[in-house]
file entry.txt (compact mmCIF, C-alpha atoms)
# COMPACT_ATOMS: atom_id res chain seq x y z
CA MET S 16 -3.20 -6.25 -35.95
CA THR S 17 -0.34 -6.72 -33.49
CA VAL S 18 -1.16 -7.48 -29.88
CA GLN S 19 1.13 -5.75 -27.39
CA PRO S 20 2.63 -8.13 -24.78
CA ILE S 21 2.25 -5.38 -22.17
CA PRO S 22 -1.23 -3.92 -22.61
CA GLU S 23 -1.61 -0.18 -22.89
CA GLY S 24 -2.65 1.43 -19.62
CA TYR S 25 -1.01 -1.19 -17.42
CA PRO S 26 2.29 -0.71 -15.60
CA ARG S 27 4.93 -3.42 -15.82
CA VAL S 28 4.27 -4.47 -12.18
CA THR S 29 0.72 -4.52 -10.82
CA PRO S 30 -0.18 -5.71 -7.32
CA TYR S 31 -3.05 -8.19 -7.17
CA LEU S 32 -4.72 -8.21 -3.76
CA CYS S 33 -6.73 -11.07 -2.36
CA VAL S 34 -9.38 -9.61 -0.06
CA ASP S 35 -11.94 -11.08 2.28
CA GLY S 36 -14.61 -8.51 1.42
CA ALA S 37 -13.50 -7.06 -1.92
CA ALA S 38 -16.51 -4.72 -2.25
CA ALA S 39 -15.71 -3.12 1.13
CA ALA S 40 -12.02 -2.94 0.18
CA ILE S 41 -12.85 -1.13 -3.05
CA ASP S 42 -14.93 1.36 -1.07
CA PHE S 43 -12.03 1.84 1.40
CA TYR S 44 -9.41 2.36 -1.33
CA VAL S 45 -11.66 4.76 -3.25
CA SER S 46 -12.68 6.84 -0.22
CA VAL S 47 -9.33 6.83 1.62
CA LEU S 48 -6.70 6.68 -1.14
CA GLY S 49 -8.68 8.36 -3.89
CA ALA S 50 -8.50 5.32 -6.17
CA GLU S 51 -10.85 5.14 -9.15
CA GLU S 52 -12.68 1.97 -10.08
CA ARG S 53 -11.68 0.93 -13.63
CA MET S 54 -13.73 -2.25 -13.81
CA LYS S 55 -15.41 -4.92 -11.69
CA MET S 56 -16.55 -8.44 -12.62
CA PRO S 57 -19.16 -10.03 -10.35
CA ALA S 58 -18.87 -13.68 -9.38
CA PRO S 59 -21.36 -16.17 -7.94
CA GLY S 60 -22.44 -15.69 -4.34
CA GLY S 61 -22.16 -11.90 -4.46
CA LYS S 62 -18.38 -12.05 -4.64
CA ILE S 63 -16.11 -10.01 -6.86
CA GLY S 64 -14.20 -12.21 -9.29
CA HIS S 65 -11.89 -9.45 -10.49
CA ALA S 66 -11.67 -5.67 -10.11
CA GLU S 67 -9.20 -3.01 -11.15
CA LEU S 68 -8.54 0.31 -9.49
CA ALA S 69 -6.46 3.22 -10.80
CA LEU S 70 -4.38 5.11 -8.28
CA GLY S 71 -2.47 7.82 -10.06
CA ASN S 72 -0.48 6.03 -12.76
CA ALA S 73 -0.71 2.70 -10.91
CA VAL S 74 -3.21 -0.12 -11.27
CA ILE S 75 -4.28 -2.33 -8.38
CA MET S 76 -6.10 -5.56 -9.17
CA LEU S 77 -8.13 -7.34 -6.51
CA ALA S 78 -10.71 -10.02 -5.94
CA ASP S 79 -12.50 -11.78 -3.14
CA GLU S 80 -10.67 -14.71 -1.66
CA TYR S 81 -11.30 -18.19 -3.05
CA PRO S 82 -9.73 -20.65 -0.58
CA ASP S 83 -10.65 -23.65 -2.76
CA MET S 84 -8.40 -22.20 -5.48
CA GLY S 85 -5.58 -21.36 -3.04
CA PHE S 86 -6.40 -17.62 -3.31
CA ARG S 87 -6.37 -16.51 0.32
CA SER S 88 -6.30 -13.12 2.02
CA PRO S 89 -3.63 -11.95 4.48
CA LYS S 90 -5.97 -12.53 7.42
CA ALA S 91 -6.51 -16.14 6.32
CA VAL S 92 -2.77 -16.86 6.26
CA GLY S 93 -1.75 -14.91 9.36
CA GLY S 94 -0.60 -11.62 7.79
CA THR S 95 1.50 -10.42 4.90
CA PRO S 96 5.23 -9.80 4.41
CA ILE S 97 4.48 -7.24 1.68
CA THR S 98 4.03 -3.49 2.13
CA LEU S 99 2.49 -1.38 -0.62
CA HIS S 100 4.11 2.07 -0.78
CA VAL S 101 1.98 4.93 -2.06
CA TYR S 102 2.77 8.62 -2.41
CA MET S 103 -0.08 11.00 -1.61
CA GLU S 104 -0.39 14.79 -1.71
CA ASP S 105 -1.18 14.99 2.04
CA VAL S 106 0.01 11.97 4.00
CA ASP S 107 -1.37 13.26 7.32
CA THR S 108 -4.94 13.65 6.02
CA VAL S 109 -4.93 10.28 4.22
CA PHE S 110 -3.43 8.49 7.22
CA ALA S 111 -6.02 9.98 9.60
CA LYS S 112 -8.83 9.06 7.20
CA ALA S 113 -7.56 5.47 6.99
CA LEU S 114 -7.44 5.15 10.77
CA ALA S 115 -10.96 6.59 11.05
CA ARG S 116 -12.12 3.94 8.54
CA GLY S 117 -10.69 1.04 10.59
CA ALA S 118 -7.04 0.80 9.59
CA LYS S 119 -4.50 -0.03 12.31
CA GLU S 120 -1.44 2.19 12.80
CA LEU S 121 1.83 0.25 12.56
CA SER S 122 4.15 3.26 12.55
CA PRO S 123 3.04 6.87 13.07
CA VAL S 124 3.50 9.51 10.39
CA LYS S 125 6.83 11.29 10.80
CA ASP S 126 9.52 13.03 8.79
CA GLU S 127 12.19 10.56 7.65
CA PHE S 128 15.86 11.22 6.90
CA TYR S 129 15.44 10.40 3.22
CA GLY S 130 13.03 13.27 2.57
CA ASP S 131 9.62 11.65 2.96
CA ARG S 132 6.97 12.17 5.60
CA THR S 133 5.60 8.67 6.03
CA GLY S 134 3.65 6.28 8.23
CA GLN S 135 2.68 2.63 7.99
CA LEU S 136 -0.71 1.06 8.56
CA GLU S 137 -2.62 -2.16 8.07
CA ASP S 138 -5.91 -1.71 6.27
CA PRO S 139 -9.04 -3.46 7.62
CA PHE S 140 -8.41 -6.32 5.16
CA GLY S 141 -4.89 -7.18 6.36
CA HIS S 142 -2.83 -5.40 3.68
CA ARG S 143 0.10 -3.23 4.83
CA TRP S 144 0.57 0.25 3.38
CA SER S 145 3.32 2.81 3.67
CA ILE S 146 1.68 6.18 3.00
CA ALA S 147 4.07 9.03 2.17
CA SER S 148 4.45 12.58 0.92
CA HIS S 149 7.83 13.65 -0.41
CA ILE S 150 8.84 16.78 1.51
CA GLU S 151 12.55 17.27 0.73
CA ASP S 152 14.98 16.49 -2.07
CA VAL S 153 18.07 15.23 -0.24
CA PRO S 154 21.41 15.45 -2.11
CA ALA S 155 23.35 12.15 -2.32
CA GLU S 156 26.14 13.26 0.03
CA GLU S 157 23.64 14.43 2.66
CA MET S 158 21.60 11.23 2.20
CA GLU S 159 24.69 9.12 2.94
CA LYS S 160 25.38 11.12 6.11
CA ARG S 161 21.76 10.91 7.29
CA ALA S 162 21.52 7.19 6.53
CA LYS S 163 24.64 6.52 8.62
CA GLU S 164 23.20 8.51 11.51
CA ALA S 165 19.86 6.71 11.24
CA MET S 166 21.51 3.29 11.23
CA GLN S 167 23.62 4.23 14.27
CA SER S 168 20.53 5.31 16.19
CA MET S 169 18.89 1.98 15.33
CA ASN S 170 21.92 0.03 16.60
CA PRO S 171 23.19 1.92 19.65
CA LYS S 172 26.49 0.78 21.11
CA PRO S 173 26.31 -1.07 24.45
CA ASN S 174 27.10 0.98 27.57
CA GLY S 175 30.82 1.60 27.95
CA ALA S 176 31.65 0.65 24.37
call {"tool": "encode", "arguments": {"input": "entry.txt", "output": "structure tokens"}}
result
Amino acid sequence: MTVQPIPEGYPRVTPYLCVDGAAAAIDFYVSVLGAEERMKMPAPGGKIGHAELALGNAVIMLADEYPDMGFRSPKAVGGTPITLHVYMEDVDTVFAKALARGAKELSPVKDEFYGDRTGQLEDPFGHRWSIASHIEDVPAEEMEKRAKEAMQSMNPKPNGA
């Protein structure tokens, strides 16, 4: 029997989240994002040693933090530089549900030049999410034009220039 180096049912890249309160995080991701729990391994002290969630065709792995092993959550290290991007059927409903469940809005939901309606939030566990619904297929030529305009509005010229 040949063992596959990339196991069936796992994408090539899988985020692994360290969470202070993994059980609550699983509940949040299931109720807000519609994730499905694939498996959960308990650990001593009521912690979760490893869990896997399915979100569409993606897998998210997570566990409680273990500072003694150097496995620390975003809140323990002062935040995260990583944003997880997830497409949802209805970004507005999911975003509102996340805020109602304790997430913090970082950027409100709005239509973006590249054809997505998107907003950014920080979940109650310190992880950043970009939640989006694709609303328009933008042809390459139009995308280039819109990107230029967006970059110009981000970097306005000084008065008189």
call {"tool": "atom_distance", "arguments": {"input": "entry.txt", "atom1": "atom CA of Arg161 of chain S", "atom2": "atom CA of Tyr129 of chain S"}}
result
7.5 Å
call {"tool": "residues_near_point", "arguments": {"input": "entry.txt", "point": "(2.6, -4.4, 5.3)", "cutoff": "10 Å", "atoms": "all atoms listed in the file", "output": "number ranges by chain"}}
result
S: 89, 94-100, 121, 135-138, 141-145
call {"tool": "closest_residue", "arguments": {"input": "entry.txt", "among": "S:Val101, S:Met56, S:Ala38, S:Val74", "to": "Ser148 of chain S", "atoms": "all atoms listed in the file"}}
result
S:Val101
call {"tool": "closest_residue", "arguments": {"input": "entry.txt", "among": "S:Phe110, S:Gly36, S:Ala155, S:Ile75", "to": "Glu52 of chain S", "atoms": "all atoms listed in the file"}}
result
S:Ile75
call {"tool": "closest_residue", "arguments": {"input": "entry.txt", "among": "S:Val106, S:Met84, S:Leu48, S:Met166", "to": "Leu68 of chain S", "atoms": "only C-alpha atoms"}}
result
S:Leu48
call {"tool": "atom_distance", "arguments": {"input": "entry.txt", "atom1": "atom CA of Asn72 of chain S", "atom2": "atom CA of Phe43 of chain S"}}
result
18.7 Å
call {"tool": "closest_atom_pairs", "arguments": {"input": "entry.txt", "of": "segment 58-111 of chain S", "to": "segment 28-35 of chain S", "cutoff": "7 Å", "atoms": "only C-alpha atoms", "output": "Markdown table"}}
result
| residue | atom | partner | partner_atom | distance |
| --- | --- | --- | --- | --- |
| S:Val74 | CA | S:Thr29 | CA | 5.9 |
| S:Ile75 | CA | S:Pro30 | CA | 5.4 |
| S:Met76 | CA | S:Tyr31 | CA | 4.5 |
| S:Leu77 | CA | S:Leu32 | CA | 4.5 |
| S:Ala78 | CA | S:Cys33 | CA | 5.5 |
| S:Asp79 | CA | S:Val34 | CA | 4.9 |
| S:Glu80 | CA | S:Cys33 | CA | 5.4 |
| S:Phe86 | CA | S:Cys33 | CA | 6.6 |
| S:Arg87 | CA | S:Cys33 | CA | 6.1 |
| S:Ser88 | CA | S:Cys33 | CA | 4.9 |
call {"tool": "atom_distance", "arguments": {"input": "entry.txt", "atom1": "atom CA of Ala147 of chain S", "atom2": "atom CA of Val92 of chain S"}}
result
27.1 Å
call {"tool": "residues_around", "arguments": {"input": "entry.txt", "residues": "Val109 of chain S", "least_positions_apart": "5", "cutoff": "8 Å", "atoms": "only C-alpha atoms", "output": "ChimeraX atom specification"}}
result
/S:47-48,103,146
call {"tool": "axis_aligned_box", "arguments": {"input": "entry.txt", "around": "segment 83-89 of chain S", "padding_each_side": "4 Å", "output": "AutoDock Vina command-line options"}}
result
--center_x -7.1 --center_y -17.8 --center_z -0.5 --size_x 15.0 --size_y 19.7 --size_z 18.0
call {"tool": "closest_residue", "arguments": {"input": "entry.txt", "among": "S:Asp107, S:Glu23, S:Glu127, S:Glu164", "to": "Asp152 of chain S", "atoms": "all atoms listed in the file"}}
result
S:Glu127
call {"tool": "build_atoms", "arguments": {"input": "entry.txt", "residues": "segment 116-132 of chain S", "atoms": "N, CA and C atoms", "output": "mmCIF file, in the frame of the given file"}}
result
data_model
loop_
_atom_site.group_PDB
_atom_site.id
_atom_site.type_symbol
_atom_site.label_atom_id
_atom_site.label_comp_id
_atom_site.auth_asym_id
_atom_site.auth_seq_id
_atom_site.Cartn_x
_atom_site.Cartn_y
_atom_site.Cartn_z
ATOM 1 N N ARG S 116 -11.360 4.964 9.278
ATOM 2 C CA ARG S 116 -12.120 3.940 8.540
ATOM 3 C C ARG S 116 -11.740 2.521 8.962
ATOM 4 N N GLY S 117 -10.970 2.373 10.051
ATOM 5 C CA GLY S 117 -10.690 1.040 10.590
ATOM 6 C C GLY S 117 -9.306 0.492 10.356
ATOM 7 N N ALA S 118 -8.420 1.262 9.751
ATOM 8 C CA ALA S 118 -7.040 0.800 9.590
ATOM 9 C C ALA S 118 -6.334 0.830 10.944
ATOM 10 N N LYS S 119 -5.271 0.043 11.065
ATOM 11 C CA LYS S 119 -4.500 -0.030 12.310
ATOM 12 C C LYS S 119 -3.122 0.605 12.065
ATOM 13 N N GLU S 120 -2.748 1.547 12.920
ATOM 14 C CA GLU S 120 -1.440 2.190 12.800
ATOM 15 C C GLU S 120 -0.327 1.212 13.164
ATOM 16 N N LEU S 121 0.653 1.077 12.284
ATOM 17 C CA LEU S 121 1.830 0.250 12.560
ATOM 18 C C LEU S 121 3.024 1.123 12.909
ATOM 19 N N SER S 122 3.089 2.293 12.294
ATOM 20 C CA SER S 122 4.150 3.260 12.550
ATOM 21 C C SER S 122 3.562 4.642 12.297
ATOM 22 N N PRO S 123 3.667 5.561 13.254
ATOM 23 C CA PRO S 123 3.040 6.870 13.070
ATOM 24 C C PRO S 123 3.704 7.669 11.950
ATOM 25 N N VAL S 124 2.970 8.635 11.428
ATOM 26 C CA VAL S 124 3.500 9.510 10.390
ATOM 27 C C VAL S 124 4.587 10.389 11.006
ATOM 28 N N LYS S 125 5.742 10.430 10.332
ATOM 29 C CA LYS S 125 6.830 11.290 10.800
ATOM 30 C C LYS S 125 7.751 11.613 9.628
ATOM 31 N N ASP S 126 8.539 12.650 9.803
ATOM 32 C CA ASP S 126 9.520 13.030 8.790
ATOM 33 C C ASP S 126 10.690 12.056 8.862
ATOM 34 N N GLU S 127 11.089 11.522 7.709
ATOM 35 C CA GLU S 127 12.190 10.560 7.650
ATOM 36 C C GLU S 127 13.431 11.208 7.033
ATOM 37 N N PHE S 128 14.585 10.655 7.336
ATOM 38 C CA PHE S 128 15.860 11.220 6.900
ATOM 39 C C PHE S 128 15.995 11.300 5.386
ATOM 40 N N TYR S 129 15.295 10.468 4.673
ATOM 41 C CA TYR S 129 15.440 10.400 3.220
ATOM 42 C C TYR S 129 14.529 11.378 2.465
ATOM 43 N N GLY S 130 13.806 12.223 3.223
ATOM 44 C CA GLY S 130 13.030 13.270 2.570
ATOM 45 C C GLY S 130 11.553 13.001 2.400
ATOM 46 N N ASP S 131 11.052 11.945 3.009
ATOM 47 C CA ASP S 131 9.620 11.650 2.960
ATOM 48 C C ASP S 131 9.011 11.818 4.340
ATOM 49 N N ARG S 132 7.779 12.225 4.379
ATOM 50 C CA ARG S 132 6.970 12.170 5.600
ATOM 51 C C ARG S 132 6.096 10.934 5.397
#
